[in-house]
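To keep things clear, I will list the structure first and then write my remarks on it.
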Amino acid sequence: MLAEKLLDLKKDLLEYAALVETMAADGVQGLLRKDVNRLQNILTQAEPQANGKEIEIDRKSTSLLAQYQPQAKDLRAILMMLGMNRDLERMGDHAVNIAQSALYLLERPPLPPLFELPRLSGLVSGMLRDSINAFMQENSVLAKLVCARD
């Protein structure tokens, strides 16, 4: 029973990470393409969805700790997911800040070309994906590689 619940929690965390990654990418692309609708979507649709996922993961994690009193590996996994949940929440907040800043900048005189922004955005997305994959696959080598890229 606990194993099923942990798998469900991991699935929720994976969905949350994908949402946050999309939010950040949409913020950058919205700025680069001057796509106000994409930026507004982050604020009106993605942010409330992300906030709901963060609360749900926190609730499920706390419930698992209280109901099952997990030990060893299961306890470490739940505590790790709680930490990742907090980190994803902060990343989602940063994505919102990017969208708000992009909307502000689009109302101003044109910016010089932002050549490095797509490359840096890609690096961040890759690191997020690899860190989530390292956790899901329990791959310490991949986790260390992500840390080295940071």
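Every chain in the structure tokens takes a letter, A first, then B, and so on in the order presented; its residues are numbered from 1, and the ligands are numbered from 1 following the presented order.
Non-sequential neighbours of Ala3 (chain A) (distance at most 12 Å, separation of 5 or more positions within a chain, only C-alpha atoms) are Asp8, Leu9, Lys10, Leu64, Tyr68, Pro70, Lys73, Asp74, Leu75, Ala77 and Ile78 of chain A.
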* **Residue contacts of Pro110 (chain A) (12 Å, only C-alpha atoms) excluding same-chain residues fewer than 3 positions away, as a VMD selection string** => chain A and resid 31 to 34 102 104 to 107 113 to 114
Let's have the selection written as a compact mmCIF listing (two decimals), in the first residue's frame, with C-alpha atoms.
```txt
# COMPACT_ATOMS: atom_id res chain seq x y z
CA LEU A 31 9.78 37.60 -23.91
CA LEU A 32 11.78 36.57 -26.97
CA ARG A 33 8.70 36.34 -29.19
CA LYS A 34 6.89 39.26 -27.58
CA ALA A 102 8.79 40.27 -19.47
CA TYR A 104 6.97 45.09 -18.13
CA LEU A 105 9.87 45.00 -20.61
CA LEU A 106 7.57 44.52 -23.59
CA GLU A 107 5.91 47.84 -22.76
CA PRO A 113 19.11 41.00 -28.86
CA LEU A 114 19.09 38.44 -26.06
```
* **Residues near region 115-132 of chain A, cut-off 8 Å, only C-alpha atoms, skip fewer than 3 positions along chain, as number ranges by chain** => A: 14, 17, 21, 24-25, 28, 135-136, 142-143, 146, 149-150
Could you list, as a PDB file with N, CA, C and O atoms, in the first residue's frame, every residue within 12 Å of Ala46 (chain A), counting only C-alpha atoms and ignoring same-chain residues fewer than 4 positions away?
```
ATOM      1  N   TYR A  16       4.407  18.067 -11.610  1.00  0.00           N
ATOM      2  CA  TYR A  16       4.674  19.414 -11.095  1.00  0.00           C
ATOM      3  C   TYR A  16       5.954  19.968 -11.710  1.00  0.00           C
ATOM      4  O   TYR A  16       6.004  21.113 -12.159  1.00  0.00           O
ATOM      5  N   ALA A  18       7.293  19.150 -14.551  1.00  0.00           N
ATOM      6  CA  ALA A  18       7.034  19.441 -15.967  1.00  0.00           C
ATOM      7  C   ALA A  18       6.292  20.762 -16.114  1.00  0.00           C
ATOM      8  O   ALA A  18       6.595  21.559 -17.017  1.00  0.00           O
ATOM      9  N   LEU A  19       5.343  21.021 -15.234  1.00  0.00           N
ATOM     10  CA  LEU A  19       4.603  22.280 -15.273  1.00  0.00           C
ATOM     11  C   LEU A  19       5.523  23.460 -15.013  1.00  0.00           C
ATOM     12  O   LEU A  19       5.490  24.469 -15.732  1.00  0.00           O
ATOM     13  N   VAL A  20       6.369  23.346 -14.007  1.00  0.00           N
ATOM     14  CA  VAL A  20       7.293  24.437 -13.674  1.00  0.00           C
ATOM     15  C   VAL A  20       8.284  24.660 -14.813  1.00  0.00           C
ATOM     16  O   VAL A  20       8.579  25.805 -15.171  1.00  0.00           O
ATOM     17  N   GLU A  21       8.759  23.587 -15.400  1.00  0.00           N
ATOM     18  CA  GLU A  21       9.677  23.719 -16.544  1.00  0.00           C
ATOM     19  C   GLU A  21       8.986  24.453 -17.692  1.00  0.00           C
ATOM     20  O   GLU A  21       9.576  25.343 -18.326  1.00  0.00           O
ATOM     21  N   THR A  22       7.743  24.108 -17.963  1.00  0.00           N
ATOM     22  CA  THR A  22       6.977  24.769 -19.019  1.00  0.00           C
ATOM     23  C   THR A  22       6.765  26.244 -18.701  1.00  0.00           C
ATOM     24  O   THR A  22       6.873  27.100 -19.585  1.00  0.00           O
ATOM     25  N   MET A  23       6.463  26.539 -17.443  1.00  0.00           N
ATOM     26  CA  MET A  23       6.264  27.935 -17.044  1.00  0.00           C
ATOM     27  C   MET A  23       7.519  28.767 -17.325  1.00  0.00           C
ATOM     28  O   MET A  23       7.434  29.866 -17.880  1.00  0.00           O
ATOM     29  N   ALA A  24       8.665  28.242 -16.937  1.00  0.00           N
ATOM     30  CA  ALA A  24       9.919  28.975 -17.132  1.00  0.00           C
ATOM     31  C   ALA A  24      10.220  29.139 -18.621  1.00  0.00           C
ATOM     32  O   ALA A  24      10.582  30.231 -19.080  1.00  0.00           O
ATOM     33  N   ASP A  26       8.087  29.079 -21.099  1.00  0.00           N
ATOM     34  CA  ASP A  26       7.101  29.996 -21.677  1.00  0.00           C
ATOM     35  C   ASP A  26       7.421  31.447 -21.337  1.00  0.00           C
ATOM     36  O   ASP A  26       7.178  32.341 -22.152  1.00  0.00           O
ATOM     37  N   GLY A  27       7.957  31.686 -20.157  1.00  0.00           N
ATOM     38  CA  GLY A  27       8.343  33.042 -19.792  1.00  0.00           C
ATOM     39  C   GLY A  27       9.441  33.570 -20.692  1.00  0.00           C
ATOM     40  O   GLY A  27       9.373  34.700 -21.195  1.00  0.00           O
ATOM     41  N   ARG A  38       1.053  34.349 -24.041  1.00  0.00           N
ATOM     42  CA  ARG A  38       1.813  33.276 -23.383  1.00  0.00           C
ATOM     43  C   ARG A  38       2.215  33.704 -21.978  1.00  0.00           C
ATOM     44  O   ARG A  38       2.137  32.931 -21.027  1.00  0.00           O
ATOM     45  N   LEU A  39       2.641  34.950 -21.850  1.00  0.00           N
ATOM     46  CA  LEU A  39       3.052  35.467 -20.547  1.00  0.00           C
ATOM     47  C   LEU A  39       1.855  35.589 -19.604  1.00  0.00           C
ATOM     48  O   LEU A  39       1.947  35.228 -18.421  1.00  0.00           O
ATOM     49  N   GLN A  40       0.747  36.074 -20.112  1.00  0.00           N
ATOM     50  CA  GLN A  40      -0.462  36.190 -19.287  1.00  0.00           C
ATOM     51  C   GLN A  40      -0.956  34.813 -18.835  1.00  0.00           C
ATOM     52  O   GLN A  40      -1.462  34.663 -17.725  1.00  0.00           O
ATOM     53  N   ASN A  41      -0.807  33.811 -19.705  1.00  0.00           N
ATOM     54  CA  ASN A  41      -1.226  32.459 -19.364  1.00  0.00           C
ATOM     55  C   ASN A  41      -0.469  31.930 -18.146  1.00  0.00           C
ATOM     56  O   ASN A  41      -1.028  31.212 -17.313  1.00  0.00           O
ATOM     57  N   ILE A  42       0.799  32.294 -18.034  1.00  0.00           N
ATOM     58  CA  ILE A  42       1.579  31.885 -16.861  1.00  0.00           C
ATOM     59  C   ILE A  42       0.935  32.430 -15.593  1.00  0.00           C
ATOM     60  O   ILE A  42       0.801  31.719 -14.596  1.00  0.00           O
ATOM     61  N   ALA A  50       0.039  25.446 -10.533  1.00  0.00           N
ATOM     62  CA  ALA A  50       1.268  25.088  -9.820  1.00  0.00           C
ATOM     63  C   ALA A  50       1.069  25.194  -8.311  1.00  0.00           C
ATOM     64  O   ALA A  50       1.510  24.314  -7.557  1.00  0.00           O
ATOM     65  N   ASN A  51       0.408  26.244  -7.869  1.00  0.00           N
ATOM     66  CA  ASN A  51       0.147  26.394  -6.433  1.00  0.00           C
ATOM     67  C   ASN A  51      -0.693  25.238  -5.904  1.00  0.00           C
ATOM     68  O   ASN A  51      -0.444  24.727  -4.810  1.00  0.00           O
ATOM     69  N   GLY A  52      -1.673  24.805  -6.685  1.00  0.00           N
ATOM     70  CA  GLY A  52      -2.502  23.674  -6.282  1.00  0.00           C
ATOM     71  C   GLY A  52      -1.701  22.387  -6.188  1.00  0.00           C
ATOM     72  O   GLY A  52      -1.875  21.587  -5.258  1.00  0.00           O
ATOM     73  N   LYS A  53      -0.793  22.170  -7.144  1.00  0.00           N
ATOM     74  CA  LYS A  53       0.043  20.968  -7.120  1.00  0.00           C
ATOM     75  C   LYS A  53       0.971  20.980  -5.905  1.00  0.00           C
ATOM     76  O   LYS A  53       1.169  19.950  -5.264  1.00  0.00           O
ATOM     77  N   GLY A  92       8.695  27.923  -9.559  1.00  0.00           N
ATOM     78  CA  GLY A  92       7.444  28.420 -10.136  1.00  0.00           C
ATOM     79  C   GLY A  92       7.265  29.902  -9.859  1.00  0.00           C
ATOM     80  O   GLY A  92       6.830  30.659 -10.733  1.00  0.00           O
ATOM     81  N   ASP A  93       7.612  30.317  -8.643  1.00  0.00           N
ATOM     82  CA  ASP A  93       7.549  31.749  -8.312  1.00  0.00           C
ATOM     83  C   ASP A  93       8.506  32.557  -9.190  1.00  0.00           C
ATOM     84  O   ASP A  93       8.165  33.653  -9.637  1.00  0.00           O
ATOM     85  N   ALA A  95       9.404  31.729 -12.207  1.00  0.00           N
ATOM     86  CA  ALA A  95       8.800  31.753 -13.547  1.00  0.00           C
ATOM     87  C   ALA A  95       7.738  32.847 -13.629  1.00  0.00           C
ATOM     88  O   ALA A  95       7.622  33.535 -14.644  1.00  0.00           O
ATOM     89  N   VAL A  96       6.971  33.009 -12.562  1.00  0.00           N
ATOM     90  CA  VAL A  96       5.978  34.091 -12.511  1.00  0.00           C
ATOM     91  C   VAL A  96       6.687  35.444 -12.568  1.00  0.00           C
ATOM     92  O   VAL A  96       6.256  36.357 -13.286  1.00  0.00           O
ATOM     93  N   ALA A  99       7.717  36.155 -16.060  1.00  0.00           N
ATOM     94  CA  ALA A  99       6.576  36.581 -16.881  1.00  0.00           C
ATOM     95  C   ALA A  99       6.196  38.028 -16.586  1.00  0.00           C
ATOM     96  O   ALA A  99       5.950  38.817 -17.508  1.00  0.00           O
TER      97      ALA A  99
END
```
* Have a look at CA of Gln67 (chain A) and CA of Leu2 (chain A) and let me know their distance in Å, one decimal. => 9.4 Å
Might you pull out every residue within 9 Å of region 54-56 of chain A, with only C-alpha atoms counted and same-chain residues fewer than 3 positions away left off, and present them as a compact mmCIF listing (two decimals) with N, CA and C atoms, in the first residue's frame?
```txt
# COMPACT_ATOMS: atom_id res chain seq x y z
N ASP A 12 3.01 12.67 -9.14
CA ASP A 12 2.58 14.05 -8.92
C ASP A 12 3.77 15.02 -9.00
N LEU A 13 4.87 14.62 -8.40
CA LEU A 13 6.06 15.46 -8.41
C LEU A 13 6.61 15.63 -9.83
N TYR A 16 4.41 18.07 -11.61
CA TYR A 16 4.67 19.41 -11.10
C TYR A 16 5.95 19.97 -11.71
N GLN A 49 -2.44 26.64 -11.05
CA GLN A 49 -2.29 25.19 -11.17
C GLN A 49 -1.06 24.72 -10.40
N ALA A 50 0.04 25.45 -10.53
CA ALA A 50 1.27 25.09 -9.82
C ALA A 50 1.07 25.19 -8.31
N ASN A 51 0.41 26.24 -7.87
CA ASN A 51 0.15 26.39 -6.43
C ASN A 51 -0.69 25.24 -5.90
N ARG A 59 0.39 17.96 1.10
CA ARG A 59 -0.65 17.25 1.85
C ARG A 59 -0.44 15.74 1.79
N LYS A 60 -0.18 15.24 0.59
CA LYS A 60 0.02 13.80 0.43
C LYS A 60 1.26 13.33 1.19
N SER A 61 2.33 14.10 1.13
CA SER A 61 3.56 13.72 1.84
C SER A 61 3.34 13.67 3.34
N ASN A 85 9.58 19.57 -3.56
CA ASN A 85 8.33 20.32 -3.69
C ASN A 85 8.56 21.79 -3.36
N ARG A 86 9.30 22.05 -2.29
CA ARG A 86 9.61 23.45 -1.92
C ARG A 86 10.44 24.13 -3.01
N LEU A 88 10.58 23.33 -6.22
CA LEU A 88 9.74 23.56 -7.40
C LEU A 88 8.81 24.75 -7.19
N GLU A 89 8.33 24.92 -5.97
CA GLU A 89 7.47 26.07 -5.68
C GLU A 89 8.23 27.37 -5.90
```
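Comparing the minimum interatomic distances between Leu103 (chain A) and each of A:Val36, A:Ala66, A:Val141, A:Leu82, counting only C-alpha atoms, we find that A:Val36 sits nearest.
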* Which distance in Å separates CA of Ser101 (chain A) and CA of Gln45 (chain A), to one decimal? -> 17.3 Å
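CA of Met84 (chain A) lies 10.3 Å from CA of Asp58 (chain A).
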